[in-house]
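Have a look at input15.txt; it's compact mmCIF, C-alpha atoms:
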```
# COMPACT_ATOMS: atom_id res chain seq x y z
CA MET A 1 172.55 -7.57 -61.98
CA ASN A 2 170.88 -9.55 -59.18
CA SER A 3 169.58 -13.03 -59.93
CA GLU A 4 166.00 -14.18 -59.54
CA ILE A 5 165.17 -16.12 -56.37
CA ALA A 6 162.38 -18.70 -56.37
CA SER A 7 160.45 -20.55 -53.66
CA ASP A 8 160.26 -24.33 -53.28
CA HIS A 9 159.33 -26.96 -50.71
CA ILE A 10 160.84 -30.28 -49.65
CA GLU A 11 159.79 -32.80 -47.01
CA VAL A 12 162.42 -34.08 -44.60
CA SER A 13 162.39 -36.42 -41.63
CA VAL A 14 163.65 -34.87 -38.39
CA GLU A 15 163.71 -36.78 -35.11
CA GLY A 16 161.12 -39.17 -36.51
CA ASP A 17 158.72 -36.47 -37.75
CA ASP A 18 158.02 -35.52 -41.35
CA VAL A 19 158.51 -31.77 -41.76
CA ASP A 20 157.67 -29.72 -44.83
CA LEU A 21 160.40 -27.12 -45.36
CA HIS A 22 159.97 -24.05 -47.50
CA TYR A 23 163.17 -22.63 -48.95
CA ARG A 24 164.37 -19.90 -51.26
CA THR A 25 166.85 -20.75 -54.00
CA GLY A 26 168.39 -19.46 -57.19
CA GLY A 27 171.61 -18.83 -59.06
CA ASP A 28 174.24 -21.11 -60.48
CA GLY A 29 177.63 -22.22 -59.20
CA PRO A 30 179.03 -23.66 -55.97
CA PRO A 31 176.37 -24.03 -53.26
CA MET A 32 175.89 -21.59 -50.41
CA VAL A 33 173.35 -22.13 -47.62
CA PHE A 34 171.92 -19.30 -45.52
CA LEU A 35 170.47 -19.95 -42.05
CA HIS A 36 168.31 -17.37 -40.29
CA GLY A 37 167.86 -16.72 -36.57
CA ILE A 38 165.15 -17.61 -34.08
CA GLY A 39 161.84 -15.79 -33.65
CA LEU A 40 161.21 -12.63 -35.70
CA ASP A 41 163.00 -14.15 -38.65
CA ALA A 42 162.78 -16.35 -41.73
CA ALA A 43 164.70 -16.82 -44.98
CA THR A 44 163.25 -13.68 -46.58
CA VAL A 45 163.59 -11.61 -43.41
CA SER A 46 167.35 -12.06 -42.98
CA TRP A 47 168.41 -12.74 -46.54
CA ARG A 48 166.08 -10.71 -48.83
CA HIS A 49 169.01 -8.70 -50.22
CA ALA A 50 171.82 -11.23 -49.80
CA LEU A 51 170.31 -14.08 -51.81
CA PRO A 52 169.99 -12.35 -55.21
CA ALA A 53 173.39 -10.71 -54.79
CA LEU A 54 175.22 -13.95 -53.93
CA ALA A 55 173.27 -15.89 -56.56
CA GLU A 56 175.28 -14.07 -59.22
CA GLU A 57 178.14 -16.51 -58.59
CA ARG A 58 176.63 -19.25 -56.41
CA THR A 59 173.61 -21.51 -56.11
CA VAL A 60 171.98 -20.19 -52.97
CA TYR A 61 169.61 -21.97 -50.59
CA ALA A 62 167.84 -20.45 -47.61
CA PRO A 63 165.36 -22.62 -45.70
CA ASP A 64 162.66 -21.42 -43.37
CA LEU A 65 163.58 -23.46 -40.31
CA PRO A 66 160.70 -25.35 -38.63
CA GLY A 67 158.46 -23.01 -36.68
CA HIS A 68 159.26 -20.15 -39.07
CA GLY A 69 158.08 -18.67 -42.34
CA LYS A 70 156.20 -20.98 -44.67
CA SER A 71 157.64 -24.19 -43.22
CA ASP A 72 155.75 -26.51 -40.87
CA LYS A 73 155.35 -25.22 -37.30
CA PRO A 74 154.68 -28.38 -35.29
CA ASP A 75 153.72 -28.37 -31.62
CA ARG A 76 156.94 -29.90 -30.28
CA ASP A 77 160.18 -29.15 -28.45
CA TYR A 78 162.51 -26.79 -30.30
CA THR A 79 166.18 -27.23 -29.44
CA THR A 80 169.52 -26.56 -31.08
CA GLU A 81 169.89 -30.31 -31.64
CA PHE A 82 166.55 -30.40 -33.47
CA TYR A 83 167.60 -27.56 -35.73
CA LEU A 84 171.02 -29.11 -36.39
CA GLU A 85 169.31 -32.32 -37.50
CA THR A 86 166.98 -30.25 -39.68
CA VAL A 87 169.92 -28.60 -41.43
CA GLU A 88 171.56 -31.97 -42.05
CA ALA A 89 168.31 -33.46 -43.39
CA PHE A 90 167.80 -30.44 -45.67
CA LEU A 91 171.29 -30.72 -47.16
CA ASP A 92 170.94 -34.48 -47.65
CA ALA A 93 167.51 -34.18 -49.27
CA LEU A 94 168.80 -31.70 -51.86
CA ASP A 95 172.18 -33.44 -52.32
CA ILE A 96 174.03 -30.27 -51.33
CA ASP A 97 177.65 -31.26 -50.93
CA GLU A 98 180.31 -29.16 -49.16
CA PRO A 99 178.50 -25.81 -49.24
CA ALA A 100 179.62 -22.47 -47.96
CA MET A 101 177.35 -21.64 -45.03
CA ALA A 102 176.23 -18.30 -43.64
CA GLY A 103 174.29 -18.03 -40.41
CA LEU A 104 172.78 -15.12 -38.50
CA SER A 105 172.38 -15.28 -34.70
CA MET A 106 171.06 -18.78 -33.93
CA GLY A 107 171.72 -19.65 -37.57
CA GLY A 108 175.39 -18.90 -36.97
CA ALA A 109 175.47 -21.43 -34.16
CA LEU A 110 173.83 -23.97 -36.46
CA ALA A 111 176.37 -23.41 -39.23
CA LEU A 112 179.23 -23.62 -36.74
CA GLY A 113 177.78 -26.68 -35.02
CA HIS A 114 177.31 -28.37 -38.38
CA ALA A 115 180.98 -27.82 -39.19
CA LEU A 116 182.11 -29.03 -35.76
CA ASP A 117 180.05 -32.19 -36.23
CA GLY A 118 182.50 -33.07 -38.99
CA ARG A 119 180.28 -32.18 -41.95
CA ALA A 120 181.88 -31.05 -45.18
CA ILE A 121 181.89 -27.24 -45.33
CA GLU A 122 183.71 -25.02 -47.83
CA ARG A 123 183.74 -21.89 -45.64
CA LEU A 124 181.70 -20.15 -42.94
CA VAL A 125 180.17 -16.70 -42.56
CA LEU A 126 179.06 -16.12 -38.96
CA VAL A 127 176.90 -13.01 -38.54
CA ASP A 128 176.28 -11.68 -35.00
CA SER A 129 176.50 -15.34 -34.16
CA TYR A 130 175.08 -17.15 -31.17
CA GLY A 131 177.24 -19.97 -29.80
CA LEU A 132 180.43 -17.92 -29.38
CA GLY A 133 180.08 -17.05 -25.71
CA ALA A 134 178.90 -18.34 -22.36
CA ASP A 135 176.68 -15.49 -21.21
CA ALA A 136 175.27 -12.01 -21.82
CA TYR A 137 174.12 -9.29 -19.45
CA TRP A 138 170.41 -9.94 -20.08
CA ARG A 139 170.50 -13.74 -19.79
CA THR A 140 169.75 -13.96 -16.04
CA ALA A 141 166.49 -12.07 -16.40
CA ALA A 142 165.57 -13.85 -19.62
CA SER A 143 166.18 -17.35 -18.23
CA GLY A 144 163.86 -16.58 -15.33
CA ILE A 145 161.16 -15.29 -17.64
CA PHE A 146 161.30 -18.21 -20.05
CA GLN A 147 161.31 -20.79 -17.28
CA THR A 148 158.06 -19.19 -16.00
CA PRO A 149 155.30 -19.76 -18.58
CA MET A 150 153.01 -17.01 -17.29
CA LEU A 151 155.73 -14.34 -17.51
CA GLY A 152 156.77 -15.56 -20.93
CA ASN A 153 153.20 -15.37 -22.20
CA MET A 154 152.83 -11.84 -20.88
CA LEU A 155 156.10 -10.78 -22.52
CA TRP A 156 155.40 -12.22 -25.97
CA GLN A 157 151.61 -12.05 -26.28
CA GLY A 158 151.77 -8.90 -28.43
CA VAL A 159 154.79 -9.76 -30.59
CA SER A 160 152.85 -11.09 -33.58
CA ALA A 161 149.67 -9.11 -32.99
CA SER A 162 150.41 -6.01 -35.05
CA LYS A 163 152.91 -4.20 -37.21
CA PRO A 164 153.52 -1.57 -34.50
CA ALA A 165 154.51 -4.38 -32.10
CA ILE A 166 156.80 -5.89 -34.72
CA ARG A 167 158.36 -2.49 -35.41
CA THR A 168 159.03 -2.07 -31.69
CA GLY A 169 160.71 -5.47 -31.53
CA LEU A 170 162.87 -4.75 -34.57
CA ARG A 171 163.76 -1.31 -33.29
CA SER A 172 165.08 -2.86 -30.07
CA MET A 173 167.49 -5.04 -32.08
CA GLY A 174 168.76 -2.48 -34.58
CA ALA A 175 170.75 0.73 -34.59
CA THR A 176 168.31 2.66 -36.80
CA GLU A 177 164.59 2.79 -37.49
CA PRO A 178 163.58 -0.43 -39.33
CA PRO A 179 162.42 0.18 -42.92
CA GLN A 180 158.80 -0.58 -43.78
CA GLN A 181 159.85 -3.44 -46.09
CA LEU A 182 161.48 -5.22 -43.14
CA VAL A 183 158.41 -4.72 -40.95
CA ASP A 184 156.23 -6.09 -43.76
CA ASP A 185 158.54 -9.09 -44.27
CA VAL A 186 158.36 -10.01 -40.58
CA ASP A 187 154.61 -9.45 -40.44
CA SER A 188 154.12 -11.81 -43.39
CA VAL A 189 155.88 -14.77 -41.76
CA VAL A 190 155.56 -14.48 -37.96
CA ASP A 191 152.54 -15.81 -36.11
CA ARG A 192 151.84 -17.21 -32.66
CA ARG A 193 153.23 -20.61 -33.62
CA THR A 194 156.52 -18.87 -34.44
CA VAL A 195 156.49 -17.22 -31.03
CA ARG A 196 155.81 -20.65 -29.49
CA ALA A 197 158.86 -22.13 -31.27
CA MET A 198 161.01 -19.19 -30.20
CA ARG A 199 159.99 -19.43 -26.56
CA ARG A 200 160.60 -23.18 -26.43
CA TRP A 201 164.05 -22.82 -27.97
CA GLN A 202 164.88 -20.00 -25.58
CA ARG A 203 163.65 -22.02 -22.62
CA SER A 204 166.03 -24.79 -23.70
CA GLU A 205 169.01 -22.48 -24.27
CA PHE A 206 168.80 -19.83 -21.55
CA GLN A 207 169.91 -21.72 -18.47
CA GLN A 208 170.33 -20.37 -14.94
CA ASN A 209 174.14 -20.50 -15.22
CA GLY A 210 174.52 -19.32 -18.82
CA PHE A 211 173.82 -20.28 -22.41
CA ARG A 212 173.47 -23.96 -23.20
CA THR A 213 175.25 -23.78 -26.57
CA ASN A 214 178.76 -22.34 -26.49
CA TYR A 215 181.38 -23.44 -29.01
CA ALA A 216 184.07 -20.95 -27.94
CA ASP A 217 186.39 -23.65 -26.59
CA ARG A 218 186.18 -25.63 -29.85
CA LEU A 219 186.91 -22.91 -32.40
CA ALA A 220 190.45 -24.19 -32.99
CA GLU A 221 188.84 -27.32 -34.45
CA VAL A 222 187.29 -25.37 -37.33
CA GLY A 223 189.37 -26.16 -40.38
CA VAL A 224 187.82 -23.87 -42.98
CA PRO A 225 188.10 -20.13 -43.69
CA THR A 226 185.64 -18.22 -41.52
CA MET A 227 184.43 -14.64 -41.74
CA LEU A 228 182.85 -13.05 -38.69
CA VAL A 229 180.52 -10.10 -39.22
CA HIS A 230 179.16 -8.18 -36.23
CA GLY A 231 177.12 -5.03 -35.73
CA LYS A 232 178.94 -2.80 -33.27
CA GLU A 233 175.67 -1.74 -31.62
CA ASP A 234 174.15 -5.22 -31.37
CA PRO A 235 172.18 -5.17 -28.08
CA LEU A 236 171.80 -8.95 -27.93
CA LEU A 237 175.18 -10.57 -28.62
CA PRO A 238 178.36 -8.59 -27.87
CA GLU A 239 180.90 -7.79 -30.57
CA SER A 240 183.58 -9.07 -28.16
CA TRP A 241 182.37 -12.59 -28.97
CA SER A 242 183.25 -12.23 -32.64
CA LYS A 243 186.50 -10.41 -31.88
CA ARG A 244 187.63 -13.20 -29.56
CA ALA A 245 186.52 -15.88 -32.02
CA ALA A 246 188.63 -14.28 -34.74
CA THR A 247 191.73 -14.83 -32.58
CA LEU A 248 190.87 -18.48 -31.89
CA LEU A 249 190.02 -19.62 -35.40
CA LYS A 250 192.83 -20.91 -37.62
CA GLU A 251 191.84 -18.78 -40.61
CA SER A 252 189.52 -15.85 -39.97
CA ARG A 253 188.43 -12.46 -41.21
CA LEU A 254 186.62 -9.98 -38.96
CA GLU A 255 184.24 -7.25 -40.14
CA ILE A 256 182.74 -4.91 -37.52
CA PHE A 257 179.89 -2.79 -38.89
CA GLU A 258 179.62 0.64 -37.29
CA LYS A 259 176.14 2.05 -36.58
CA CYS A 260 174.68 -1.42 -36.97
CA GLY A 261 172.68 -3.66 -34.63
CA HIS A 262 171.84 -7.36 -34.69
CA CYS A 263 171.07 -7.82 -38.41
CA PRO A 264 173.78 -6.47 -40.75
CA PRO A 265 172.28 -8.19 -43.86
CA ARG A 266 169.18 -5.99 -43.52
CA GLU A 267 170.59 -2.92 -41.80
CA GLN A 268 173.54 -2.45 -44.17
CA PRO A 269 172.81 -4.78 -47.12
CA GLU A 270 175.15 -3.23 -49.68
CA ARG A 271 178.20 -3.45 -47.43
CA PHE A 272 177.22 -6.91 -46.19
CA ASN A 273 176.80 -8.27 -49.71
CA ARG A 274 180.09 -6.74 -50.78
CA VAL A 275 182.17 -8.26 -47.97
CA VAL A 276 180.53 -11.68 -48.31
CA GLN A 277 181.01 -11.69 -52.08
CA SER A 278 184.68 -10.85 -51.66
CA PHE A 279 185.09 -13.59 -49.07
CA CYS A 280 183.21 -16.24 -51.05
```
Now, as a test, write the supplied structure out as structure tokens.
Amino acid sequence: MNSEIASDHIEVSVEGDDVDLHYRTGGDGPPMVFLHGIGLDAATVSWRHALPALAEERTVYAPDLPGHGKSDKPDRDYTTEFYLETVEAFLDALDIDEPAMAGLSMGGALALGHALDGRAIERLVLVDSYGLGADAYWRTAASGIFQTPMLGNMLWQGVSASKPAIRTGLRSMGATEPPQQLVDDVDSVVDRRTVRAMRRWQRSEFQQNGFRTNYADRLAEVGVPTMLVHGKEDPLLPESWSKRAATLLKESRLEIFEKCGHCPPREQPERFNRVVQSFC
């Protein structure tokens, strides 16, 4: 039987600014922290089904990262470094010691970066993770768009305007038609300030010669068990990244989800929860 998940808030200091963070939590047992991706995402969006399932044996925590969900969305630069400091401040504020960490997309890069910074981690679950490769086929076009404010505004002006626009965005990232619950979850948390945070992070990360954050050459430094989950039909980040990472990590497990796009926890929640529970 799935456990009840509650909402809470905590204020943290990040790069000299006080930021109110909303997070979802519940369960009892060793801690596990879930980190969502950038943009059309938040704690409930990525982890609606995973949190109650994993809370049966763990104390789960899933923050809305700044610029997302019900957390503060300040008008500032959004970078991977900023989000890494946010994760550290969140863990310190709640006295979360040596958690398991799961991250989707950008959240995977944050979990991995946190571990590589020498922080105490029990194990990692990297889901269609950013930070495992130097480039992707669409990056050249995207870096040009996001370095040109007018083009970026034209591209994203309709993202948070309507549920049909959200459905279109989700459809482009998945392997099947997004369920109405997922569209509603995104619609409830994404606004133009979220789009602003996404665009600023992308402008920082999508460089003319590749992605700014790439931990592929440091994977041998990871000293904890790591499971890599990847949707075979992910149009954003190639499954080859996770396959290669599995060969470079000291202790790894690889799960490729057939007929699945960029968000296995929402596209195939029962299988995702099962493999994560068995790993954790």
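Residues with any atom within 7 Å of segment 29-40 of chain A, counting only C-alpha atoms and excluding same-chain neighbours fewer than 5 positions away, are Ser46, Glu57, Arg58, Thr59, Val60, Tyr61, Ala62, Pro63, Ile96, Pro99, Ala100, Met101, Ala102, Gly103, Leu104, Ser105, Met106, Gly107, Val186, Val190, Thr194, Val195 and Met198 of chain A.
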Q) In Å, with one decimal, what is the gap from atom CA of Asp8 of chain A to atom CA of Tyr23 of chain A? A) 5.5 Å
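For Ser204 of chain A, the set of protein, DNA and RNA residues having any atom at most 8 Å away, when counting only C-alpha atoms and skipping those fewer than 6 positions along the same chain, is Tyr78, Thr79 and Arg212 of chain A.
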**Q.** Spatial neighbours of segment 259-272 of chain A, 9 Å, all atoms listed in the file, chain gap at least 3 places, as a ChimeraX atom specification
**A.** /A:45-50,104-105,127-128,172-176,178-179,182,229-237,256,275-277
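For the pair atom CA of Gly69 of chain A and atom CA of Ala197 of chain A, the interatomic distance is 11.6 Å.
Atom CA of Phe211 of chain A is positioned 16.8 Å from atom CA of Leu84 of chain A.
Among the candidates A:Trp201, A:Gly133, A:Tyr83, A:Ala246, the one nearest to Asp217 of chain A when counting all atoms listed in the file is A:Gly133.
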